[in-house]
Every structure is written in C-alpha cells, then in structure tokens.
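protein_3.tsv (TSV, C-alpha atoms and all ligand atoms)
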chain	number	residue	atom	x	y	z
A	1	MET	CA	89.56	102.52	152.93
A	2	SER	CA	89.37	103.17	149.25
A	3	ASP	CA	92.49	103.25	147.09
A	4	LEU	CA	92.10	106.93	146.25
A	5	ARG	CA	94.53	107.80	149.00
A	6	VAL	CA	98.18	108.49	148.26
A	7	HIS	CA	100.01	106.51	150.91
A	8	LYS	CA	103.22	107.14	152.84
A	9	THR	CA	103.33	110.89	152.47
A	10	LYS	CA	105.15	112.94	155.04
A	11	TYR	CA	102.20	115.11	155.93
A	12	ILE	CA	99.58	112.49	156.75
A	13	ASN	CA	100.17	110.34	159.81
A	14	GLU	CA	98.63	107.01	158.82
A	15	THR	CA	99.19	105.52	162.25
A	16	LYS	CA	96.70	107.93	163.83
A	17	ARG	CA	93.09	107.38	162.85
A	18	VAL	CA	90.64	110.21	163.29
A	19	SER	CA	86.92	109.54	163.12
A	20	PHE	CA	84.43	112.15	162.02
A	21	LYS	CA	80.86	112.46	160.79
A	22	TYR	CA	79.75	113.90	157.49
A	23	ASP	CA	76.01	114.32	156.93
A	24	GLY	CA	75.42	111.98	159.87
A	25	LYS	CA	77.52	109.15	158.49
A	26	ASN	CA	80.69	107.93	160.21
A	27	TYR	CA	83.99	108.05	158.36
A	28	PHE	CA	87.60	108.07	159.33
A	29	GLY	CA	90.70	109.75	158.05
A	30	TYR	CA	94.16	110.28	159.43
A	31	GLU	CA	95.89	112.99	161.37
A	32	GLY	CA	96.93	115.68	158.90
A	33	ASP	CA	93.91	115.24	156.62
A	34	THR	CA	91.69	118.13	155.72
A	35	LEU	CA	87.99	117.35	155.60
A	36	ALA	CA	88.27	117.49	151.80
A	37	SER	CA	91.12	114.99	151.57
A	38	ALA	CA	89.45	112.67	154.09
A	39	LEU	CA	86.16	112.76	152.17
A	40	LEU	CA	87.88	112.06	148.85
A	41	ALA	CA	89.80	109.18	150.43
A	42	ASN	CA	86.44	107.80	151.53
A	43	GLY	CA	85.08	108.11	148.01
A	44	VAL	CA	82.74	111.00	148.85
A	45	HIS	CA	82.65	113.34	145.86
A	46	LEU	CA	79.22	114.93	145.96
A	47	ILE	CA	79.58	117.59	148.63
A	48	GLY	CA	77.18	120.32	147.68
A	49	ARG	CA	74.76	121.82	145.23
A	50	SER	CA	74.97	124.93	143.15
A	51	PHE	CA	73.04	127.88	144.50
A	52	LYS	CA	70.38	128.30	141.84
A	53	TYR	CA	69.77	125.07	139.99
A	54	HIS	CA	71.18	122.83	142.72
A	55	ARG	CA	73.37	120.97	140.30
A	56	PRO	CA	75.80	118.52	141.96
A	57	ARG	CA	79.17	119.92	142.96
A	58	GLY	CA	82.47	118.29	143.96
A	59	ILE	CA	85.76	119.34	145.52
A	60	MET	CA	87.76	121.52	143.12
A	61	SER	CA	90.85	122.79	144.91
A	62	CYS	CA	93.02	122.42	147.99
A	63	GLY	CA	92.79	125.71	149.82
A	64	SER	CA	90.92	128.94	150.46
A	65	GLU	CA	90.03	129.24	146.77
A	66	GLU	CA	87.54	126.36	147.07
A	67	PRO	CA	84.17	127.37	145.59
A	68	ASN	CA	82.16	124.18	146.13
A	69	ALA	CA	83.09	122.22	149.25
A	70	ILE	CA	81.39	124.53	151.71
A	71	CYS	CA	80.15	122.94	154.92
A	72	GLN	CA	78.27	123.58	158.09
A	73	ILE	CA	80.31	122.52	161.13
A	74	GLY	CA	78.54	121.18	164.22
A	75	ASP	CA	74.84	121.33	164.99
A	76	LYS	CA	74.86	122.99	168.41
A	77	LYS	CA	72.77	126.16	168.64
A	78	ASP	CA	75.68	128.20	169.99
A	79	LEU	CA	78.65	126.81	168.08
A	80	THR	CA	77.45	125.77	164.64
A	81	GLU	CA	79.52	127.44	161.95
A	82	PRO	CA	78.37	127.94	158.35
A	83	ASN	CA	80.42	128.38	155.16
A	84	VAL	CA	83.55	126.53	156.24
A	85	ARG	CA	85.62	125.26	153.33
A	86	ALA	CA	86.32	121.54	153.62
A	87	THR	CA	89.70	122.19	152.01
A	88	GLU	CA	90.73	124.45	154.88
A	89	LEU	CA	89.38	122.45	157.79
A	90	GLU	CA	91.72	119.98	159.48
A	91	ILE	CA	89.79	116.98	160.71
A	92	TYR	CA	89.72	116.22	164.41
A	93	GLU	CA	88.25	113.50	166.58
A	94	GLY	CA	84.54	114.16	166.98
A	95	LEU	CA	84.16	116.55	164.04
A	96	GLU	CA	80.62	116.75	162.70
A	97	ALA	CA	80.22	118.37	159.31
A	98	PHE	CA	77.19	118.79	157.07
A	99	SER	CA	76.75	119.67	153.43
A	100	GLN	CA	75.07	123.00	152.76
A	101	ASN	CA	72.59	124.25	150.26
A	102	CYS	CA	70.71	121.00	149.81
A	103	TRP	CA	67.41	119.72	151.14
A	104	PRO	CA	66.35	117.13	152.18
A	105	ASN	CA	69.90	115.83	151.61
A	106	VAL	CA	72.79	116.02	149.19
A	107	LYS	CA	71.87	112.88	147.21
A	108	PHE	CA	68.19	113.63	146.79
A	109	ASP	CA	67.85	117.32	146.44
A	110	ILE	CA	64.48	118.97	145.95
A	111	GLY	CA	66.01	122.06	144.33
A	112	GLY	CA	67.57	119.73	141.77
A	113	ILE	CA	64.14	119.61	140.19
A	114	ASN	CA	64.97	123.12	138.97
A	115	ASN	CA	67.79	121.47	137.09
A	116	LEU	CA	65.42	119.08	135.26
A	117	ILE	CA	63.10	121.88	134.27
A	118	SER	CA	65.95	124.34	133.66
A	119	PRO	CA	65.30	124.55	129.92
A	120	LEU	CA	61.98	126.11	130.91
A	121	ILE	CA	63.57	128.62	133.31
A	122	PRO	CA	64.96	131.72	131.59
A	123	ALA	CA	68.53	132.74	132.42
A	124	GLY	CA	67.48	135.70	134.50
A	125	PHE	CA	65.07	133.67	136.61
A	126	TYR	CA	65.26	134.31	140.30
A	127	TYR	CA	63.31	133.23	143.31
A	128	LYS	CA	61.46	136.55	143.28
A	129	THR	CA	59.31	134.91	140.63
A	130	PHE	CA	57.57	133.15	143.49
A	131	MET	CA	55.98	136.34	144.78
A	132	TRP	CA	52.49	135.72	143.50
A	133	PRO	CA	49.91	135.07	144.90
A	134	LYS	CA	50.65	137.16	147.94
A	135	SER	CA	48.93	134.91	150.46
A	136	PHE	CA	51.21	132.03	149.47
A	137	TRP	CA	54.37	133.93	150.29
A	138	LYS	CA	54.67	133.59	154.07
A	139	LYS	CA	53.41	130.06	154.47
A	140	VAL	CA	54.38	128.27	151.29
A	141	TYR	CA	57.01	129.95	149.17
A	142	GLU	CA	59.27	131.50	151.78
A	143	PRO	CA	59.81	128.43	153.97
A	144	LEU	CA	60.35	126.28	150.88
A	145	ILE	CA	62.77	128.70	149.30
A	146	ARG	CA	64.65	129.13	152.54
A	147	MET	CA	65.04	125.37	152.85
A	148	SER	CA	66.16	124.87	149.30
A	149	ALA	CA	68.21	128.02	148.77
A	150	GLY	CA	69.79	128.66	152.16
A	151	LEU	CA	73.54	129.01	152.37
A	152	GLY	CA	74.12	127.61	155.84
A	153	LYS	CA	72.65	128.34	159.25
A	154	SER	CA	73.92	130.90	161.73
A	155	PRO	CA	74.13	130.08	165.42
A	156	THR	CA	71.15	131.32	167.42
A	157	GLU	CA	72.79	131.48	170.85
A	158	PRO	CA	75.86	133.38	172.12
A	159	ASP	CA	79.26	131.94	171.33
A	160	PRO	CA	80.62	130.25	174.50
A	161	ASP	CA	84.21	130.09	173.24
A	162	MET	CA	87.14	132.21	174.36
A	163	TYR	CA	88.95	134.53	171.98
A	164	ASP	CA	92.03	136.68	172.29
A	165	HIS	CA	93.59	139.65	170.53
A	166	LYS	CA	97.03	141.11	170.31
A	167	TYR	CA	98.76	144.18	168.83
A	168	VAL	CA	102.12	143.69	167.12
A	169	HIS	CA	104.53	145.90	165.19
A	170	TYR	CA	106.89	144.63	162.53
A	171	ASP	CA	109.16	146.16	159.94
A	172	VAL	CA	108.08	143.65	157.32
A	173	LEU	CA	105.06	141.40	157.09
A	174	VAL	CA	105.11	138.64	154.49
A	175	ILE	CA	101.75	137.07	153.69
A	176	GLY	CA	101.91	133.53	152.33
A	177	GLY	CA	104.57	131.01	153.32
A	178	GLY	CA	105.25	129.47	149.94
A	179	LEU	CA	108.58	129.39	148.20
A	180	SER	CA	108.74	133.12	147.44
A	181	GLY	CA	107.33	134.10	150.83
A	182	ILE	CA	109.96	132.06	152.66
A	183	ILE	CA	112.79	133.53	150.63
A	184	SER	CA	111.58	137.13	150.91
A	185	ALA	CA	111.09	136.75	154.68
A	186	LYS	CA	114.60	135.35	154.91
A	187	ILE	CA	116.08	138.25	152.95
A	188	ALA	CA	114.17	140.81	155.03
A	189	ALA	CA	115.16	139.23	158.34
A	190	LYS	CA	118.79	138.89	157.31
A	191	SER	CA	118.78	142.61	156.47
A	192	ASN	CA	118.10	143.23	160.15
A	193	LEU	CA	114.39	143.91	159.76
A	194	LYS	CA	111.93	142.55	162.30
A	195	THR	CA	109.88	140.23	160.10
A	196	LEU	CA	106.64	138.30	160.42
A	197	LEU	CA	105.71	135.51	158.00
A	198	VAL	CA	102.12	134.25	158.09
A	199	ASP	CA	100.48	131.33	156.35
A	200	ASP	CA	96.98	129.90	156.61
A	201	LYS	CA	98.09	126.27	156.42
A	202	LYS	CA	99.44	124.23	159.32
A	203	THR	CA	102.94	124.17	157.84
A	204	ILE	CA	104.74	126.63	155.61
A	205	GLY	CA	106.13	125.58	152.25
A	206	GLY	CA	103.17	126.15	149.94
A	207	SER	CA	102.77	123.68	147.11
A	208	THR	CA	106.53	123.36	146.57
A	209	ILE	CA	106.84	121.37	149.79
A	210	TYR	CA	104.96	118.48	148.12
A	211	GLN	CA	107.13	118.35	144.98
A	212	SER	CA	109.31	115.25	145.28
A	213	ASN	CA	109.96	114.18	141.73
A	214	ASP	CA	112.48	114.81	139.01
A	215	SER	CA	110.37	117.37	137.18
A	216	PHE	CA	110.64	119.84	140.04
A	217	LYS	CA	114.23	120.55	140.94
A	218	ILE	CA	116.08	123.46	142.50
A	219	ASP	CA	119.89	123.36	142.67
A	220	ASP	CA	119.75	119.78	141.40
A	221	GLN	CA	117.68	118.58	144.38
A	222	HIS	CA	113.99	117.76	144.60
A	223	SER	CA	112.40	121.13	145.31
A	224	SER	CA	110.77	119.86	148.53
A	225	LYS	CA	114.16	118.80	149.89
A	226	TRP	CA	115.68	122.15	148.95
A	227	LEU	CA	112.82	124.06	150.58
A	228	GLU	CA	112.99	121.98	153.76
A	229	LYS	CA	116.54	123.16	154.25
A	230	GLU	CA	115.46	126.78	153.76
A	231	ILE	CA	112.63	126.33	156.27
A	232	ASN	CA	115.05	124.84	158.74
A	233	GLU	CA	117.39	127.74	158.22
A	234	ILE	CA	114.78	130.49	158.72
A	235	SER	CA	113.57	128.81	161.92
A	236	LYS	CA	116.92	129.78	163.46
A	237	ILE	CA	116.73	133.49	162.59
A	238	ASP	CA	115.98	135.48	165.74
A	239	ASN	CA	114.14	138.47	164.27
A	240	LEU	CA	111.86	136.34	162.08
A	241	THR	CA	108.57	135.07	163.48
A	242	VAL	CA	106.57	132.43	161.60
A	243	LYS	CA	102.85	132.14	162.28
A	244	THR	CA	101.02	129.21	160.78
A	245	ARG	CA	97.25	128.60	160.72
A	246	THR	CA	96.97	132.36	160.44
A	247	SER	CA	95.04	134.09	157.69
A	248	ILE	CA	94.97	137.77	156.86
A	249	ALA	CA	91.45	139.14	156.89
A	250	ALA	CA	91.87	142.85	156.21
A	251	TYR	CA	94.36	145.35	154.90
A	252	HIS	CA	93.77	148.89	156.13
A	253	ARG	CA	95.63	152.13	155.58
A	254	TYR	CA	99.15	152.72	156.85
A	255	ASN	CA	99.88	148.99	156.60
A	256	TYR	CA	97.47	148.01	159.33
A	257	LEU	CA	96.39	144.40	158.85
A	258	LEU	CA	94.12	142.03	160.72
A	259	ALA	CA	94.86	138.33	160.93
A	260	ARG	CA	93.05	135.42	162.50
A	261	GLU	CA	95.16	132.76	164.11
A	262	ASN	CA	93.48	129.43	164.64
A	263	LEU	CA	94.71	128.09	167.97
A	264	THR	CA	92.52	125.09	168.79
A	265	ASP	CA	90.01	124.56	165.97
A	266	HIS	CA	92.02	121.59	164.72
A	267	LEU	CA	92.18	119.83	168.09
A	268	SER	CA	89.82	117.08	169.21
A	269	ILE	CA	86.76	118.18	171.15
A	270	LYS	CA	88.39	116.86	174.33
A	271	ASP	CA	91.67	118.71	173.79
A	272	LYS	CA	90.20	122.07	172.86
A	273	LYS	CA	88.09	122.31	176.00
A	274	ASP	CA	88.75	125.45	178.09
A	275	LYS	CA	91.36	126.73	175.65
A	276	ILE	CA	91.39	129.93	173.62
A	277	ARG	CA	89.91	129.24	170.21
A	278	GLN	CA	91.24	131.96	167.95
A	279	ARG	CA	93.42	135.03	168.26
A	280	LEU	CA	92.94	138.27	166.37
A	281	TRP	CA	96.28	139.81	165.42
A	282	LYS	CA	96.36	143.54	164.83
A	283	ILE	CA	99.51	144.01	162.83
A	284	ARG	CA	101.14	147.31	162.01
A	285	ALA	CA	103.78	146.68	159.40
A	286	LYS	CA	106.03	149.26	157.85
A	287	LYS	CA	106.02	147.37	154.60
A	288	SER	CA	103.71	144.63	153.50
A	289	ASN	CA	104.50	142.10	150.79
A	290	ARG	CA	102.00	139.75	149.27
A	291	SER	CA	103.62	136.58	148.04
A	292	ASP	CA	100.35	134.71	147.99
A	293	ARG	CA	100.25	132.64	144.83
A	294	ARG	CA	96.52	133.15	144.40
A	295	ASN	CA	96.99	136.82	143.66
B	1	MET	CA	93.02	153.31	160.94
B	2	PHE	CA	95.96	155.57	160.23
B	3	LEU	CA	98.83	156.82	162.35
B	4	ILE	CA	99.14	160.41	163.53
B	5	ASN	CA	102.44	161.95	164.50
B	6	CYS	CA	101.47	164.01	167.56
B	7	PRO	CA	103.88	166.99	167.77
B	8	PHE	CA	104.18	166.38	171.51
B	9	CYS	CA	104.23	162.56	171.82
B	10	GLY	CA	105.23	161.09	168.46
B	11	GLU	CA	103.55	158.55	166.19
B	12	ARG	CA	100.43	156.94	167.65
B	13	ASP	CA	97.38	155.04	166.42
B	14	GLN	CA	94.41	157.06	165.20
B	15	SER	CA	92.22	155.51	167.92
B	16	GLU	CA	94.06	157.67	170.51
B	17	PHE	CA	92.91	160.87	168.82
B	18	SER	CA	89.66	162.67	168.23
B	19	SER	CA	89.00	164.86	165.26
B	20	GLY	CA	88.08	168.51	165.68
B	21	GLY	CA	87.07	169.12	162.09
B	22	GLU	CA	88.23	171.86	159.77
B	23	ALA	CA	91.00	174.14	161.03
B	24	HIS	CA	91.54	177.90	160.75
B	25	ILE	CA	87.93	178.98	161.00
B	26	VAL	CA	88.10	182.43	162.55
B	27	ARG	CA	85.49	183.28	165.15
B	28	PRO	CA	83.67	186.53	164.22
B	29	LYS	CA	84.78	189.50	166.30
B	30	GLN	CA	81.25	190.76	166.98
B	31	PRO	CA	78.86	187.79	166.99
B	32	THR	CA	75.96	190.00	168.10
B	33	GLU	CA	76.17	191.99	164.89
B	34	LEU	CA	75.79	188.93	162.65
B	35	SER	CA	72.60	187.88	160.96
B	36	ASP	CA	71.33	184.35	161.71
B	37	ASP	CA	72.58	183.21	158.32
B	38	GLU	CA	76.07	184.55	158.92
B	39	TRP	CA	76.18	182.94	162.37
B	40	ALA	CA	75.00	179.62	160.95
B	41	GLU	CA	77.67	179.92	158.28
B	42	PHE	CA	80.34	180.21	160.99
B	43	LEU	CA	78.89	177.45	163.18
B	44	PHE	CA	77.94	174.78	160.70
B	45	MET	CA	79.14	175.31	157.17
B	46	ARG	CA	82.31	173.33	156.41
B	47	LYS	CA	84.15	172.76	153.17
B	48	ASN	CA	84.21	168.94	153.57
B	49	ILE	CA	86.97	168.62	151.01
B	50	LYS	CA	87.76	165.47	149.13
B	51	GLY	CA	91.52	165.87	148.95
B	52	VAL	CA	94.00	167.86	151.01
B	53	GLN	CA	92.31	169.37	154.03
B	54	PHE	CA	93.55	171.39	157.03
B	55	GLU	CA	92.05	170.00	160.22
B	56	ARG	CA	92.36	170.05	164.00
B	57	TRP	CA	93.04	166.96	166.03
B	58	ASN	CA	93.13	166.35	169.76
B	59	HIS	CA	95.33	163.68	171.34
B	60	SER	CA	92.43	162.84	173.66
B	61	HIS	CA	93.84	159.54	174.97
B	62	GLY	CA	97.37	160.90	175.25
B	63	CYS	CA	98.70	164.37	176.07
B	64	ARG	CA	95.22	165.88	175.45
B	65	LYS	CA	96.72	168.75	173.43
B	66	TRP	CA	95.23	170.22	170.28
B	67	PHE	CA	97.23	170.57	167.07
B	68	ASN	CA	96.76	170.85	163.30
B	69	VAL	CA	97.05	168.19	160.63
B	70	VAL	CA	97.16	168.45	156.84
B	71	ARG	CA	95.48	165.28	155.63
B	72	ASP	CA	94.34	164.03	152.25
B	73	THR	CA	90.82	162.84	153.03
B	74	SER	CA	90.74	160.57	149.99
B	75	ASN	CA	93.61	158.33	151.14
B	76	ASP	CA	94.33	159.47	154.72
B	77	LYS	CA	97.86	160.44	153.81
B	78	ILE	CA	99.09	163.03	156.31
B	79	HIS	CA	101.26	165.67	154.67
B	80	SER	CA	102.25	167.60	157.78
B	81	VAL	CA	101.49	168.22	161.43
B	82	TYR	CA	101.97	171.58	163.19
B	83	LYS	CA	101.17	173.10	166.55
B	84	MET	CA	98.37	175.51	167.33
B	85	GLY	CA	99.39	179.07	166.52
B	86	GLU	CA	102.04	177.95	164.07
B	87	LYS	CA	101.84	179.09	160.49
B	88	PRO	CA	100.11	176.52	158.25
B	89	PRO	CA	102.31	175.11	155.50
B	90	VAL	CA	101.47	176.39	152.01
B	91	LYS	CA	99.66	173.92	149.82
C	1	ZN	ZN	100.18	163.77	172.25
Represent the supplied structure as structure tokens.
Ligand SMILES: [Zn+2]
Amino acid sequence: MSDLRVHKTKYINETKRVSFKYDGKNYFGYEGDTLASALLANGVHLIGRSFKYHRPRGIMSCGSEEPNAICQIGDKKDLTEPNVRATELEIYEGLEAFSQNCWPNVKFDIGGINNLISPLIPAGFYYKTFMWPKSFWKKVYEPLIRMSAGLGKSPTEPDPDMYDHKYVHYDVLVIGGGLSGIISAKIAAKSNLKTLLVDDKKTIGGSTIYQSNDSFKIDDQHSSKWLEKEINEISKIDNLTVKTRTSIAAYHRYNYLLARENLTDHLSIKDKKDKIRQRLWKIRAKKSNRSDRRN
Amino acid sequence: MFLINCPFCGERDQSEFSSGGEAHIVRPKQPTELSDDEWAEFLFMRKNIKGVQFERWNHSHGCRKWFNVVRDTSNDKIHSVYKMGEKPPVK
C-alpha cells in the first residue's frame, strides 16, 4: 500500500482488510475507510470528469459537501445506485464502485476532447448545438451525448431491498453531532427535554474528534480527548438519543423533519443479506437546532 | 405537513384531517330564485386568499367532526380553531 495513508489512527482498523473494486480493478482498504480515503490510500486521484468539458476531477472534501467524487455503486439492474459520494460511503467487503460521467473510461475520456478544443467552444455552448441535421439526432448525436454526458445510471428493475419507517416525537432535535451539536444536545437533555441528536457519520464528534495536537486544545487537553469525555457523558443521559449514520433530508412546517438512517449499507454483502437496508424517520420536533458546520 | 388542534381531540397531524375549503359561506335562502350566475357564485367562487383565511376542516380519520380553522395560507400558521356555530374571532 502506498505511503499516503496516515497510520495508527483510532478510526481505521488496520488489522481488518476490506477488498473492493473500483472501475473493475481490485483494491483494498481497511475497516473504517470511506471509499474516498481508501482510493486516496491506493493512489487513485482521478475519480471523475467535469460535466461539460470532462476535465479531470479529484477528491476535494471529506463529507456530504463533496462535488467531484461521485460514483455509481454496483452494476445489478435492480440495485445499482447513482450519484453516491465516495466521501460518504463506507467501504465493505464486495463493494463495486464505478466512476461516473466518463466514457469509455476515466483515464481516456472521449468528452475530454471538448477540453482540447475548448478555446473554440464559446462559454454558452451547450449540447443543444448538436441538433442539426435532424436525421442525425436519434441515431448519432443522442446516444453519443448520453454516453459522454450522463450523470449515472438509474436501476431498471424494482428494488428488492427492505425498508422501514418510523414516527417519533421529540422536544428538541439537534442536527449535526460535532462539538456544538454535542454540547447543545447535552444542555437540552439536562434541562429535562427529550432530545434527539443525529449525525450522518458513523460516529459523532465532527472534525474536532480528530484533533490530537497542541494547536487544538480545550481546557488544556487535546480537543479530541476533551470531546471523548463529553461523548461518554452524554451516552449516559436517559432522555437523549443519539442516531448516527442518519441524515436529514427535509425540513417541513411545524418542525416536521425527515431523516434517512442507514442500517446495513456499510455491511459486507454477506452480512446485509435479509436485513432492513434503510429506515425513514419522520420526526416531529418542538424545536429544531442546526449545528451543522456546513451551514 | 402541519399540526391541527382539533377542538374535540387535541393536536394531531394534518394527514388525519380533510379540508372543507372556505368557511362562512351562507347558503342562499331561495335557491330557485337565483340566476345561474348567482348560483355559480355560491357554488364555485372562492376567495382563495394568500394570507389569513377562515376555513372548515373535518377530522376525517379521528372524531369525524367538522370545525373551523383560521390559517395563514402563506405559512400554514394556525391562528385559532373554533367549533361550528361559534362566533369567528375578529381578524
Ligand atoms: Zn377530532
């Protein structure tokens, strides 16, 4: 494995190898890796192409804000999933991922030719330019454009997986389990309010949980150490529920929110068999607090 | 997806209710004496207000009773709820 990996971190289990396929090639990472971190550790940087000129794109971020590392997961007709961010996907044994928006493949990309001739293409150019002559549209232009411009493939057969949904009522819902989310959930719960804390990652703690050096200190301790104690403390509060791998998808009137909890997506193909895949949470909160750092 | 405080059952999800449209439209005393236009006016013409509106709601998946609601149609905020026959609150 290449030396790009930061070793001996608490969140990657380097004793457990996980093999996966990316664009048909075998790689391996470790338990706790996202697809993005596993690809970077394997020296894979080119993961997609820009939509119009098909310029090469690499991984930019480490979460749901990722604009480039967008993948197609699986190639089965009923379960293939487009537009999955590599930065959000935990790798599992048997994962098959593909780059999107490139044809015939990510390294040699036919749309990239647009890039070479881009000085000749005006800024407002769009694929509509290909409309003439009419007889060429159905057989020549459209299939070519679809192959070179497509943003992923949708499944063509019914989804065989099982899903679940649940209604819940809370006094306070805190979205985002970073430093401020943890503390506000703690304050709410300690004030005798039934509180729910949700985070899209597999553990709460946000980015602070990775800060173990002298530049990031709270109360004269490394901020990760300090936060670990807080996390341990809130896990003992009875009227506080913590939901990880759960992302809020909608915020409706009267504090009605929808969340998707990922139950088995991160498990190996063998382990997720016959289990519920995702749960839709219909949350009615009296008060809703966004502590999400991206907003 | 808002909550409605049914005067008979208490606060429930909107999905339990069905809307009966604008409230306090008085049925003409002598329908036979109306012209077609006047009758159509009574049957179909509604104010369709953007803002505070008086409307009827039915708790169709609950107590099945009718009652009145004062709702701001632009943000679904419910200002008050009162029973049929009760005096509407002044704006
Ligand atoms: Zn009722």
Contacts with ligand ZN 1 (chain C) at most 9 Å, all atoms listed in the file counted, listed as a PyMOL selection string: chain B and resi 5-12+16-17+58-66
For chain B versus chain A, which residues have an atom no more than 10 Å away, and what is each residue's nearest atom pair and distance in Å rounded to one decimal, using only C-alpha atoms, chain-then-number order, as a tab-separated table?
residue	atom	partner	partner_atom	distance
B:Met1	CA	A:Arg253	CA	6.1
B:Phe2	CA	A:Tyr254	CA	5.5
B:Leu3	CA	A:Tyr254	CA	6.9
B:Asp13	CA	A:Arg284	CA	9.7
B:Asn75	CA	A:Arg253	CA	7.9
B:Asp76	CA	A:Arg253	CA	7.5
B:Lys77	CA	A:Tyr254	CA	8.4
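CA of Lys190 in chain A to CA of Leu263 in chain A spans 28.5 Å [interatomic distance, one decimal].
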Selected residue, from B:Glu55, B:Met45, B:Asp37, B:Ile4, that lies nearest to Glu22 in chain B when counting all atoms listed in the file: B:Glu55
Pairwise distance for CA of Leu39 in chain A and CA of Arg279 in chain A, rounded to one decimal in Å: 28.4 Å
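Straight-line separation from CA of His7 in chain A to CA of Glu66 in chain A: 23.8 Å.
Look at range 84-93 of chain A: the protein and nucleic acid residues within 6 Å of it, using only C-alpha atoms and passing over chain neighbours fewer than 5 places away, are A:Val18, A:Ser19, A:Asp33, A:Thr34, A:Leu35, A:Ala36, A:Cys62, A:Gly63, A:Ala69, A:Ile70, A:Cys71, A:His266, A:Leu267, A:Ser268.
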For Ala188 in chain A: contacts at 12 Å, all atoms listed in the file, fewer than 2 positions along chain excluded, given as a ChimeraX atom specification: /A:170-174,181-186,190-197,234,237,239-241,287-289
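The residue that comes closest to Tyr82 in chain B, out of B:Pro28, B:Ser18, B:Ala23, B:Val52 and on the basis of all atoms listed in the file, is B:Ala23.
If you count all atoms listed in the file and ignore residues fewer than 2 places along the chain from Asp199 in chain A, what sits within 6 Å of it is Gly176, Gly177, Lys201, Thr244 and Thr246 of chain A.
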If I wrap all listed atoms of range 67-74 of chain B in a box with edges along x, y and z and add 6 Å on each side, what are its centre and edge lengths in Å to one decimal, as lines of an AutoDock Vina configuration file?
center_x = 94.0
center_y = 165.7
center_z = 158.5
size_x = 18.5
size_y = 22.3
size_z = 29.1
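Minimum atom-to-atom distances from B:Ser15, B:Thr73, B:Gly51, B:His24 to Pro88 in chain B were compared using all atoms listed in the file, and the lowest value belongs to B:His24.
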Close residues, Ile209 in chain A itself excluded, 7 Å, only C-alpha atoms, min 4 positions apart in chain, as an mmCIF file with C-alpha atoms, keeping the file's coordinate frame:
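Just written: result_34.cif:
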data_model
loop_
_atom_site.group_PDB
_atom_site.id
_atom_site.type_symbol
_atom_site.label_atom_id
_atom_site.label_comp_id
_atom_site.auth_asym_id
_atom_site.auth_seq_id
_atom_site.Cartn_x
_atom_site.Cartn_y
_atom_site.Cartn_z
ATOM 1 C CA GLY A 205 106.130 125.580 152.250
ATOM 2 C CA SER A 224 110.770 119.860 148.530
ATOM 3 C CA LEU A 227 112.820 124.060 150.580
#
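The closest residue to Pro89 in chain B, picked from B:Phe67, B:Gln30, B:Phe54, B:Arg46 and counting all atoms listed in the file, is B:Phe54.
Protein, DNA and RNA residues at most 12 Å from (104.6, 112.7, 153.7), with all atoms listed in the file, are these: Val6, His7, Lys8, Thr9, Lys10, Tyr11, Ile12, Asn13, Glu14, Glu31, Gly32, Asp33, Ile209, Tyr210, Gln211, Ser212, Ser224 and Lys225 of chain A.
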